[in-house]
Amino acid sequence: MKTVLNLPEQVRSLSRFPIPVAIATSLAVLLNLQVAHIIRMSDTLESQFIFACSGAFLASFAAHLWALSRNLATVWNLGTALFAAGAAAAIQSLHGDLYGQSLIALLGLALATMCTAHLRRAATIESFWRFNLQLGIALGMALVALLIVCGGLSLLLASLTFLFDFTVGNSHAHIWSTGLVLFAPLFALSMVPVEFDQPLTLSPNPDLIEKSVSTVLNFALVPLILVYSVVLHIYAFKIAIVRSMPKGEIGWLVLAFGAIGTASYTVAYPWRDVGYRPVRWFMRSWFWLMILPTVLLMLAVWQRIGAYGVTPERYCLVLFALWLAAMVAYLGSTRGRMDLRVIPASLAIGLVLSSFGPWGSAATSVRSQLAQLQRVLDKAKLLSDGRLKLDPPRVATFKYLVWSNERVASILKSLYDLGALERLAPIFSSVTDSPFSKHQPPAVQLAALGLTKWGEAIESPVSVPPPVPPEPIGISVDTGAYNRLIGPFWITRSGLIGCDFGCPSSANLEIGGTSLALSGDFVTAGRNNDAVSFDLTTVFDRKSQEREPKAQAAQTLTLNAREGRNRALLMIVLPPTPMDNPPLKFESWILLKSAPLAKK
C-alpha cells in the first residue's frame with residue numbers, strides 16, 4: 001500500500017525528464033527484440049547503438065537540469081534536451097567501434113550532469129555540493145535496486161527451472177537487459193532532488209552519512225594522500241639529483257594520484273574550516289602540491305611520445321597534465337578561492353572535446369603513428385615518394401619486415417586499434433598484391449601484414465578454394481648480412497606447400513630458383529655441396545613441444561642448419577595455439593650467408 005501511495009510522486013518526478021525516459025524505454029525495447037531474435041544486429045552495430053543512446057541519455061538529462069534550474073518554458077526545455085541528445089548521439093556514432101573514445105565522451109557527459117543545474121550566479125557551492133551528494137545517493141540506490149529486483153527474478157526463474165523443469169529460454173537476458181537500460185536509470189531519475197538550491201550545513205549532531213564521510217576524510221583518505229605526495233616529491237628530487245628521466249609508469253601513477261586527490265578535495269569541501277588540521281591544510285594546498293607531480297607527468301609522457309608517438313592513452317595523460325596546470329593558474333588568479341563547479345565543468349568540456357574532431361585523441365594519435373611509421377621506413381630506406389620501395393614489390397616482403405621489427409608491428413597494431421589501417425593504402429599503392437586494394441575487413445588486412453603472431457590470432461573469413469591451384473608465391477631477395485632470403489613456404493607433416501592457400505603439398509618444392517625437399521623430420525635447401533638441412537624434430541615432436549611450452553606461443557622459432565651450420569637459418573612462425581591443438585602447417589623462411597643458391 002505504501003508503494004502504491006508513493007507511485008504518483010515517482011511518476012511526477014519522471015515527468016520532469018521526458019527525453020531520457022523515452023531514450024531508455026526505446027533502448028530497452030530494441031534490446032529485448034534483439035534478445036528475442038525478432039530483429040538482428042551485429043555485435044558492432046549493437047554496441048554502437050548502446051553507446052549512442054547512453055550518450056544521448058546523459059546529454060538530455062544534463063540539458064533538462066540546466067533548463068529546470070532556470071524555470072524555462074516547456075518548449076525550451078524539450079528543445080534543449082532534444083538538441084543535446086542528438087548532438088551526443090552524433091558524436092558517439094562518429095566514433096564507430098572506437099569504444100575508448102565513446103567511454104571518454106560518456107565520462108565527460110556524466111561530469112556535465114554534476115554542474116549544469118548550478119551554472120548560475122544565484123547558485124551556491126554549498127547547494128552544488130548537496131545536490132551532487134543526493135545525485136550520488138540516487139545512483140547508489142539504483143544499483144542496489146537493480147541487484148535486488150533483477151537478481152531476485154533470476155533466482156526465482158532458476159528455482160522454477162530446478163523444481164519444475166520450467167523452461168525460461170532467454171528470460172535471464174530479458175531481465176538484466178531491461179533492468180540495466182530501463183529500470184535502474186528510471187529509478188535513479190525518480191530520486192533526483194526537485195529543489196536545486198538547498199545548501200548543506202554541517203550539524204552539531206551529525207547523522208550517519210556525515211559522520212562516516214568525516215571519519216574517512218580525517219583519519220584515512222587525506223593522511224594517505226599527503227604521505228603519497230611526500231613520496232612523489234622525494235622521487236622528483238631524486239630525478240633532479242641523478243639526472244635521469246622518470247620511468248614510463250610514472251604517468252599513470254600521477255594520473256591516479258591526481259584523480260583521487262581532486263575527488264577527495266571536492267568531497268572534503270564542507271570540512272575545509274572545521275576538519276582536523278590535515279584536512280584544513282589539504283584544502284589550502286592540494287593543487288599547489290600537484291605542481292611537481294604534474295612536471296613529472298609531462299616528462300614521462302613526452303619521453304614516451306618522443307620515442308613511440310601519440311596514443312589515446314598518452315593523449316589523455318597530456319590532457320590531464322594541462323588541466324592540472326590550468327587549475328593551478330586558476331587558483332593563483334583567484335588567490336586560492338576555488339569554485340568547485342569549475343572542476344567538473346572544465347573536465348567535462350575537455351573530455352567531450354577530446355572525443356571527436358581532428359583535434360581529438362583518435363585523430364591526433366593516427367597522425368602521430370603514421371608519422372612514426374614513415375620515419376621508421378625512411379630510416380630503413382624503404383620509402384620513395386611516400387610509397388613502399390620493396391624488391392620484389394609484394395606484401396610478403398613487407399611481412400618479413402614486420403616480423404623482424406617490433407616497432408613496425410607495434411605501429412600497425414596501434415593503427416588497427418584506432419580503426420585507421422586504411423590510411424596505409426597510399427603507402428602500399430606500389431605493392432602489387434596490396435591488402436588495401438580490395439577494401440577487405442581490417443582483421444584480414446592485419447593478418448595479411450603479418451600481425452597474427454603479435455598477440456592473439458585474428459580470424460579471417462573462409463574463402464572458397466580456386467579451381468586451379470596457384471603457383472608458389474615465394475621470393476628470394478637480398479637480406480643484408482645474409483646473401484639470400486628464401487620464402488615464404490609452409491611446412492607440414494605431409495610435405496611442403498608453396499603458398500598460403502590452395503597449393504598442394506609435395507615432398508619437393510622450388511622457391512626463387514632454390515630446390516627444397518622434406519624427408520622425415522629434415523628439410524633440405526639446395527643440392528649437392530651447396531645443400532643445407534634443418535632438423536624439425538622440435539617442431540613436429542609432441543613431447544618436445546610439451547618440454548618447451550614457449551614454442552606454442554605466438555613467436556618466430558629460429559633453427560640453425562644441421563648440415564651447413566653457421567651459414568643458414570630457418571625461421572618458422574609458430575601461431576598462438578593451445579598445447580592440445582598444435583598447428584597443421586608452419587610458415588617458414590630460410591636465410592643464407594653463403595653464395596646464392598638460386599639457379600642461374
# chains A, B, ... in the order shown; residues from 1 in each chain; ligands from 1
>>> select_by_dssp(residues="range 256-436 of chain A", states="strand (DSSP E or B)", output="list in words")
Leu383, Ser384, Arg387 and Leu388 of chain A
>>> write_last_selection(atoms="N, CA and C atoms", output="PDB file, in the first residue's frame")
ATOM      1  N   LEU A 383      61.054   3.835 -48.402  1.00  0.00           N
ATOM      2  CA  LEU A 383      60.030   4.724 -48.931  1.00  0.00           C
ATOM      3  C   LEU A 383      60.599   5.549 -50.077  1.00  0.00           C
ATOM      4  N   SER A 384      59.783   5.726 -51.110  1.00  0.00           N
ATOM      5  CA  SER A 384      60.127   6.583 -52.230  1.00  0.00           C
ATOM      6  C   SER A 384      58.883   7.330 -52.658  1.00  0.00           C
ATOM      7  N   ARG A 387      55.727   6.121 -50.992  1.00  0.00           N
ATOM      8  CA  ARG A 387      55.271   4.758 -51.275  1.00  0.00           C
ATOM      9  C   ARG A 387      56.379   3.764 -50.963  1.00  0.00           C
ATOM     10  N   LEU A 388      55.960   2.531 -50.636  1.00  0.00           N
ATOM     11  CA  LEU A 388      56.930   1.498 -50.294  1.00  0.00           C
ATOM     12  C   LEU A 388      57.825   1.164 -51.480  1.00  0.00           C
TER      13      LEU A 388
END
>>> residues_around(residues="Leu139 in chain A", least_positions_apart="6", cutoff="12 Å", atoms="only C-alpha atoms", output="list in words")
Ala110, Asn132, Leu133, Ala145, Leu146, Ala184, Pro185, Leu186, Phe187, Ala188, Leu189, Ser190, Met191 and Val192 of chain A
>>> write_last_selection(atoms="all heavy atoms", output="CSV table (one decimal), in the first residue's frame")
chain,number,residue,atom,x,y,z
A,110,ALA,N,28.8,12.5,-18.1
A,110,ALA,CA,28.5,12.3,-16.7
A,110,ALA,C,28.9,13.4,-15.8
A,110,ALA,O,28.2,13.8,-14.9
A,110,ALA,CB,29.1,11.0,-16.2
A,132,ASN,N,24.9,17.2,-5.5
A,132,ASN,CA,25.7,16.0,-6.0
A,132,ASN,C,25.8,14.9,-5.0
A,132,ASN,O,25.9,13.7,-5.4
A,132,ASN,CB,27.1,16.5,-6.4
A,132,ASN,CG,27.2,17.2,-7.7
A,132,ASN,OD1,27.1,16.6,-8.8
A,132,ASN,ND2,27.2,18.5,-7.7
A,133,LEU,N,25.7,15.2,-3.7
A,133,LEU,CA,25.6,14.2,-2.7
A,133,LEU,C,24.3,13.4,-3.0
A,133,LEU,O,24.3,12.1,-3.0
A,133,LEU,CB,25.6,14.7,-1.3
A,133,LEU,CG,25.4,13.8,-0.2
A,133,LEU,CD1,26.4,12.7,-0.1
A,133,LEU,CD2,25.2,14.5,1.1
A,145,ALA,N,18.9,-1.4,-6.1
A,145,ALA,CA,17.6,-1.8,-6.5
A,145,ALA,C,17.7,-2.8,-7.7
A,145,ALA,O,17.0,-3.8,-7.8
A,145,ALA,CB,16.7,-0.6,-6.9
A,146,LEU,N,18.7,-2.5,-8.6
A,146,LEU,CA,18.9,-3.3,-9.8
A,146,LEU,C,19.3,-4.7,-9.3
A,146,LEU,O,18.7,-5.7,-9.8
A,146,LEU,CB,20.0,-2.7,-10.7
A,146,LEU,CG,20.5,-3.6,-11.8
A,146,LEU,CD1,19.4,-3.7,-12.9
A,146,LEU,CD2,21.7,-3.0,-12.4
A,184,ALA,N,16.9,0.6,-13.8
A,184,ALA,CA,17.9,1.3,-13.0
A,184,ALA,C,18.0,2.8,-13.3
A,184,ALA,O,18.0,3.7,-12.4
A,184,ALA,CB,19.3,0.7,-13.1
A,185,PRO,N,18.1,3.2,-14.6
A,185,PRO,CA,18.1,4.6,-15.0
A,185,PRO,C,16.8,5.3,-14.5
A,185,PRO,O,16.9,6.5,-14.0
A,185,PRO,CB,18.2,4.6,-16.5
A,185,PRO,CG,18.8,3.3,-16.8
A,185,PRO,CD,18.3,2.4,-15.8
A,186,LEU,N,15.6,4.7,-14.7
A,186,LEU,CA,14.4,5.4,-14.2
A,186,LEU,C,14.3,5.5,-12.7
A,186,LEU,O,13.8,6.5,-12.2
A,186,LEU,CB,13.2,4.6,-14.8
A,186,LEU,CG,13.0,4.6,-16.3
A,186,LEU,CD1,11.6,4.0,-16.7
A,186,LEU,CD2,13.2,5.9,-16.9
A,187,PHE,N,14.8,4.5,-12.0
A,187,PHE,CA,14.8,4.6,-10.6
A,187,PHE,C,15.7,5.7,-10.1
A,187,PHE,O,15.4,6.5,-9.2
A,187,PHE,CB,15.4,3.2,-10.0
A,187,PHE,CG,15.2,3.1,-8.5
A,187,PHE,CD1,14.1,2.5,-8.0
A,187,PHE,CD2,16.2,3.6,-7.7
A,187,PHE,CE1,14.0,2.3,-6.6
A,187,PHE,CE2,16.0,3.5,-6.3
A,187,PHE,CZ,14.9,2.9,-5.7
A,188,ALA,N,16.9,5.9,-10.8
A,188,ALA,CA,17.8,7.0,-10.4
A,188,ALA,C,17.2,8.3,-10.7
A,188,ALA,O,17.2,9.3,-9.9
A,188,ALA,CB,19.1,6.8,-11.1
A,189,LEU,N,16.5,8.4,-11.9
A,189,LEU,CA,15.9,9.7,-12.3
A,189,LEU,C,14.8,10.1,-11.3
A,189,LEU,O,14.6,11.3,-11.0
A,189,LEU,CB,15.3,9.6,-13.7
A,189,LEU,CG,16.3,9.6,-14.8
A,189,LEU,CD1,15.5,9.4,-16.2
A,189,LEU,CD2,17.1,10.8,-14.9
A,190,SER,N,14.0,9.1,-10.8
A,190,SER,CA,12.9,9.4,-9.9
A,190,SER,C,13.5,9.9,-8.5
A,190,SER,O,12.7,10.6,-7.8
A,190,SER,CB,12.1,8.1,-9.6
A,190,SER,OG,12.8,7.2,-8.9
A,191,MET,N,14.7,9.7,-8.2
A,191,MET,CA,15.3,10.1,-6.9
A,191,MET,C,16.1,11.4,-7.1
A,191,MET,O,16.6,11.9,-6.1
A,191,MET,CB,16.2,9.0,-6.3
A,191,MET,CG,15.5,7.8,-5.9
A,191,MET,SD,16.6,6.6,-5.1
A,191,MET,CE,16.9,7.5,-3.6
A,192,VAL,N,16.2,12.0,-8.3
A,192,VAL,CA,16.9,13.3,-8.4
A,192,VAL,C,16.1,14.4,-7.7
A,192,VAL,O,14.9,14.5,-7.8
A,192,VAL,CB,17.0,13.6,-9.9
A,192,VAL,CG1,17.6,15.0,-10.1
A,192,VAL,CG2,17.8,12.6,-10.6
>>> residues_around(residues="Ala568 in chain A", least_positions_apart="4", cutoff="8 Å", atoms="only C-alpha atoms", output="list in words")
Val532, Asn560, Ala561, Gly564, Ile590, Leu591, Leu592, Lys593 and Ser594 of chain A
>>> write_last_selection(atoms="N, CA, C and O atoms", output="PDB file, in the first residue's frame")
ATOM      1  N   VAL A 532      71.923 -27.224 -47.546  1.00  0.00           N
ATOM      2  CA  VAL A 532      71.836 -27.023 -46.100  1.00  0.00           C
ATOM      3  C   VAL A 532      70.584 -27.748 -45.625  1.00  0.00           C
ATOM      4  O   VAL A 532      69.578 -27.821 -46.340  1.00  0.00           O
ATOM      5  N   ASN A 560      69.209 -23.341 -36.350  1.00  0.00           N
ATOM      6  CA  ASN A 560      70.468 -23.379 -37.078  1.00  0.00           C
ATOM      7  C   ASN A 560      70.505 -24.607 -37.977  1.00  0.00           C
ATOM      8  O   ASN A 560      69.880 -25.639 -37.696  1.00  0.00           O
ATOM      9  N   ALA A 561      71.242 -24.497 -39.081  1.00  0.00           N
ATOM     10  CA  ALA A 561      71.352 -25.619 -40.011  1.00  0.00           C
ATOM     11  C   ALA A 561      72.164 -26.741 -39.385  1.00  0.00           C
ATOM     12  O   ALA A 561      73.160 -26.502 -38.701  1.00  0.00           O
ATOM     13  N   GLY A 564      75.637 -27.649 -43.039  1.00  0.00           N
ATOM     14  CA  GLY A 564      75.842 -26.266 -43.447  1.00  0.00           C
ATOM     15  C   GLY A 564      75.688 -25.316 -42.277  1.00  0.00           C
ATOM     16  O   GLY A 564      75.215 -24.193 -42.435  1.00  0.00           O
ATOM     17  N   ILE A 590      63.997 -19.119 -45.070  1.00  0.00           N
ATOM     18  CA  ILE A 590      65.387 -19.536 -44.925  1.00  0.00           C
ATOM     19  C   ILE A 590      66.297 -18.352 -45.231  1.00  0.00           C
ATOM     20  O   ILE A 590      66.134 -17.680 -46.253  1.00  0.00           O
ATOM     21  N   LEU A 591      67.237 -18.101 -44.319  1.00  0.00           N
ATOM     22  CA  LEU A 591      68.258 -17.077 -44.514  1.00  0.00           C
ATOM     23  C   LEU A 591      69.594 -17.764 -44.774  1.00  0.00           C
ATOM     24  O   LEU A 591      69.978 -18.680 -44.030  1.00  0.00           O
ATOM     25  N   LEU A 592      70.323 -17.318 -45.816  1.00  0.00           N
ATOM     26  CA  LEU A 592      71.600 -17.916 -46.191  1.00  0.00           C
ATOM     27  C   LEU A 592      72.718 -16.892 -46.124  1.00  0.00           C
ATOM     28  O   LEU A 592      72.544 -15.739 -46.537  1.00  0.00           O
ATOM     29  N   LYS A 593      73.869 -17.314 -45.622  1.00  0.00           N
ATOM     30  CA  LYS A 593      75.045 -16.451 -45.592  1.00  0.00           C
ATOM     31  C   LYS A 593      76.000 -16.732 -46.746  1.00  0.00           C
ATOM     32  O   LYS A 593      76.834 -15.893 -47.074  1.00  0.00           O
ATOM     33  N   SER A 594      75.898 -17.889 -47.307  1.00  0.00           N
ATOM     34  CA  SER A 594      76.835 -18.287 -48.349  1.00  0.00           C
ATOM     35  C   SER A 594      76.438 -17.658 -49.673  1.00  0.00           C
ATOM     36  O   SER A 594      75.539 -16.826 -49.761  1.00  0.00           O
TER      37      SER A 594
END
>>> closest_residue(among="A:Leu347, A:Val352, A:Leu119, A:Met338", to="Ala87 in chain A", atoms="only C-alpha atoms")
A:Val352
>>> residues_around(residues="Leu390 in chain A", least_positions_apart="2", cutoff="12 Å", atoms="only C-alpha atoms", output="ChimeraX atom specification")
/A:377,380-384,387-388,392-401,427-432,475,477-479
>>> atom_distance(atom1="CA of Lys211 in chain A", atom2="CA of Leu340 in chain A")
21.9 Å
>>> atom_distance(atom1="CA of Phe320 in chain A", atom2="CA of Phe131 in chain A")
25.7 Å
>>> residues_around(residues="range 215-230 of chain A", least_positions_apart="2", cutoff="9 Å", atoms="only C-alpha atoms", output="NGL selection string")
:A and (210-213 or 232-235 or 257 or 260-261 or 264-265 or 267-268 or 275-279 or 282 or 286 or 289-290 or 293)
>>> write_last_selection(atoms="N, CA and C atoms", output="PDB file, in the first residue's frame")
ATOM      1  N   GLU A 210      27.073  11.864   7.377  1.00  0.00           N
ATOM      2  CA  GLU A 210      28.020  12.953   7.642  1.00  0.00           C
ATOM      3  C   GLU A 210      29.162  12.474   8.541  1.00  0.00           C
ATOM      4  N   LYS A 211      28.842  11.694   9.536  1.00  0.00           N
ATOM      5  CA  LYS A 211      29.879  11.202  10.453  1.00  0.00           C
ATOM      6  C   LYS A 211      30.829  10.243   9.732  1.00  0.00           C
ATOM      7  N   SER A 212      30.298   9.385   8.843  1.00  0.00           N
ATOM      8  CA  SER A 212      31.134   8.417   8.126  1.00  0.00           C
ATOM      9  C   SER A 212      32.100   9.130   7.178  1.00  0.00           C
ATOM     10  N   VAL A 213      31.586  10.109   6.402  1.00  0.00           N
ATOM     11  CA  VAL A 213      32.444  10.846   5.470  1.00  0.00           C
ATOM     12  C   VAL A 213      33.539  11.591   6.222  1.00  0.00           C
ATOM     13  N   LEU A 232      56.107  11.309  -3.839  1.00  0.00           N
ATOM     14  CA  LEU A 232      56.299  11.815  -5.203  1.00  0.00           C
ATOM     15  C   LEU A 232      57.293  12.965  -5.241  1.00  0.00           C
ATOM     16  N   HIS A 233      57.268  13.838  -4.249  1.00  0.00           N
ATOM     17  CA  HIS A 233      58.222  14.942  -4.228  1.00  0.00           C
ATOM     18  C   HIS A 233      59.654  14.439  -3.986  1.00  0.00           C
ATOM     19  N   ILE A 234      59.811  13.427  -3.140  1.00  0.00           N
ATOM     20  CA  ILE A 234      61.140  12.841  -2.941  1.00  0.00           C
ATOM     21  C   ILE A 234      61.643  12.232  -4.249  1.00  0.00           C
ATOM     22  N   TYR A 235      60.749  11.567  -4.973  1.00  0.00           N
ATOM     23  CA  TYR A 235      61.128  10.976  -6.257  1.00  0.00           C
ATOM     24  C   TYR A 235      61.536  12.057  -7.256  1.00  0.00           C
ATOM     25  N   PHE A 257      46.841   9.354  -8.737  1.00  0.00           N
ATOM     26  CA  PHE A 257      47.000  10.202  -7.559  1.00  0.00           C
ATOM     27  C   PHE A 257      46.239  11.516  -7.725  1.00  0.00           C
ATOM     28  N   ILE A 260      42.297  10.846  -7.629  1.00  0.00           N
ATOM     29  CA  ILE A 260      41.803  10.558  -6.278  1.00  0.00           C
ATOM     30  C   ILE A 260      41.896  11.800  -5.398  1.00  0.00           C
ATOM     31  N   GLY A 261      43.014  12.538  -5.503  1.00  0.00           N
ATOM     32  CA  GLY A 261      43.163  13.746  -4.695  1.00  0.00           C
ATOM     33  C   GLY A 261      42.141  14.809  -5.032  1.00  0.00           C
ATOM     34  N   SER A 264      38.832  13.784  -3.675  1.00  0.00           N
ATOM     35  CA  SER A 264      38.829  13.987  -2.221  1.00  0.00           C
ATOM     36  C   SER A 264      38.697  15.463  -1.875  1.00  0.00           C
ATOM     37  N   TYR A 265      39.335  16.320  -2.650  1.00  0.00           N
ATOM     38  CA  TYR A 265      39.226  17.771  -2.437  1.00  0.00           C
ATOM     39  C   TYR A 265      37.771  18.217  -2.559  1.00  0.00           C
ATOM     40  N   VAL A 267      35.039  16.309  -2.171  1.00  0.00           N
ATOM     41  CA  VAL A 267      34.231  15.729  -1.092  1.00  0.00           C
ATOM     42  C   VAL A 267      34.491  16.449   0.225  1.00  0.00           C
ATOM     43  N   ALA A 268      35.726  16.874   0.450  1.00  0.00           N
ATOM     44  CA  ALA A 268      36.103  17.464   1.745  1.00  0.00           C
ATOM     45  C   ALA A 268      35.738  18.941   1.866  1.00  0.00           C
ATOM     46  N   GLY A 275      37.383  20.752   9.783  1.00  0.00           N
ATOM     47  CA  GLY A 275      38.008  19.432   9.852  1.00  0.00           C
ATOM     48  C   GLY A 275      39.276  19.471  10.687  1.00  0.00           C
ATOM     49  N   TYR A 276      39.883  18.298  10.861  1.00  0.00           N
ATOM     50  CA  TYR A 276      41.155  18.246  11.569  1.00  0.00           C
ATOM     51  C   TYR A 276      42.236  18.955  10.742  1.00  0.00           C
ATOM     52  N   ARG A 277      43.362  19.218  11.381  1.00  0.00           N
ATOM     53  CA  ARG A 277      44.407  20.014  10.736  1.00  0.00           C
ATOM     54  C   ARG A 277      44.853  19.447   9.390  1.00  0.00           C
ATOM     55  N   PRO A 278      45.057  18.121   9.213  1.00  0.00           N
ATOM     56  CA  PRO A 278      45.449  17.613   7.888  1.00  0.00           C
ATOM     57  C   PRO A 278      44.431  17.959   6.804  1.00  0.00           C
ATOM     58  N   VAL A 279      43.137  17.903   7.135  1.00  0.00           N
ATOM     59  CA  VAL A 279      42.112  18.233   6.147  1.00  0.00           C
ATOM     60  C   VAL A 279      42.153  19.717   5.815  1.00  0.00           C
ATOM     61  N   PHE A 282      45.184  20.321   3.703  1.00  0.00           N
ATOM     62  CA  PHE A 282      44.963  19.718   2.389  1.00  0.00           C
ATOM     63  C   PHE A 282      44.088  20.613   1.516  1.00  0.00           C
ATOM     64  N   TRP A 286      46.140  21.568  -1.878  1.00  0.00           N
ATOM     65  CA  TRP A 286      46.101  20.426  -2.787  1.00  0.00           C
ATOM     66  C   TRP A 286      46.665  20.731  -4.171  1.00  0.00           C
ATOM     67  N   LEU A 289      50.275  21.288  -4.344  1.00  0.00           N
ATOM     68  CA  LEU A 289      51.039  20.056  -4.200  1.00  0.00           C
ATOM     69  C   LEU A 289      51.177  19.290  -5.517  1.00  0.00           C
ATOM     70  N   MET A 290      50.317  19.579  -6.481  1.00  0.00           N
ATOM     71  CA  MET A 290      50.345  18.850  -7.750  1.00  0.00           C
ATOM     72  C   MET A 290      51.290  19.466  -8.774  1.00  0.00           C
ATOM     73  N   PRO A 293      54.376  16.870  -9.255  1.00  0.00           N
ATOM     74  CA  PRO A 293      53.887  15.667  -9.933  1.00  0.00           C
ATOM     75  C   PRO A 293      53.443  15.922 -11.370  1.00  0.00           C
TER      76      PRO A 293
END
>>> atom_distance(atom1="CA of Met114 in chain A", atom2="CA of Gln198 in chain A")
15.0 Å
>>> select_by_dssp(residues="range 102-340 of chain A", states="helix (DSSP H, G or I)", output="ChimeraX atom specification")
/A:102-118,125-164,171-190,208-242,250-267,269-271,277-289,291-308,312-333
>>> closest_residue(among="A:Leu412, A:Cys150, A:Leu353, A:Ile343", to="Ile125 in chain A", atoms="only C-alpha atoms")
A:Ile343
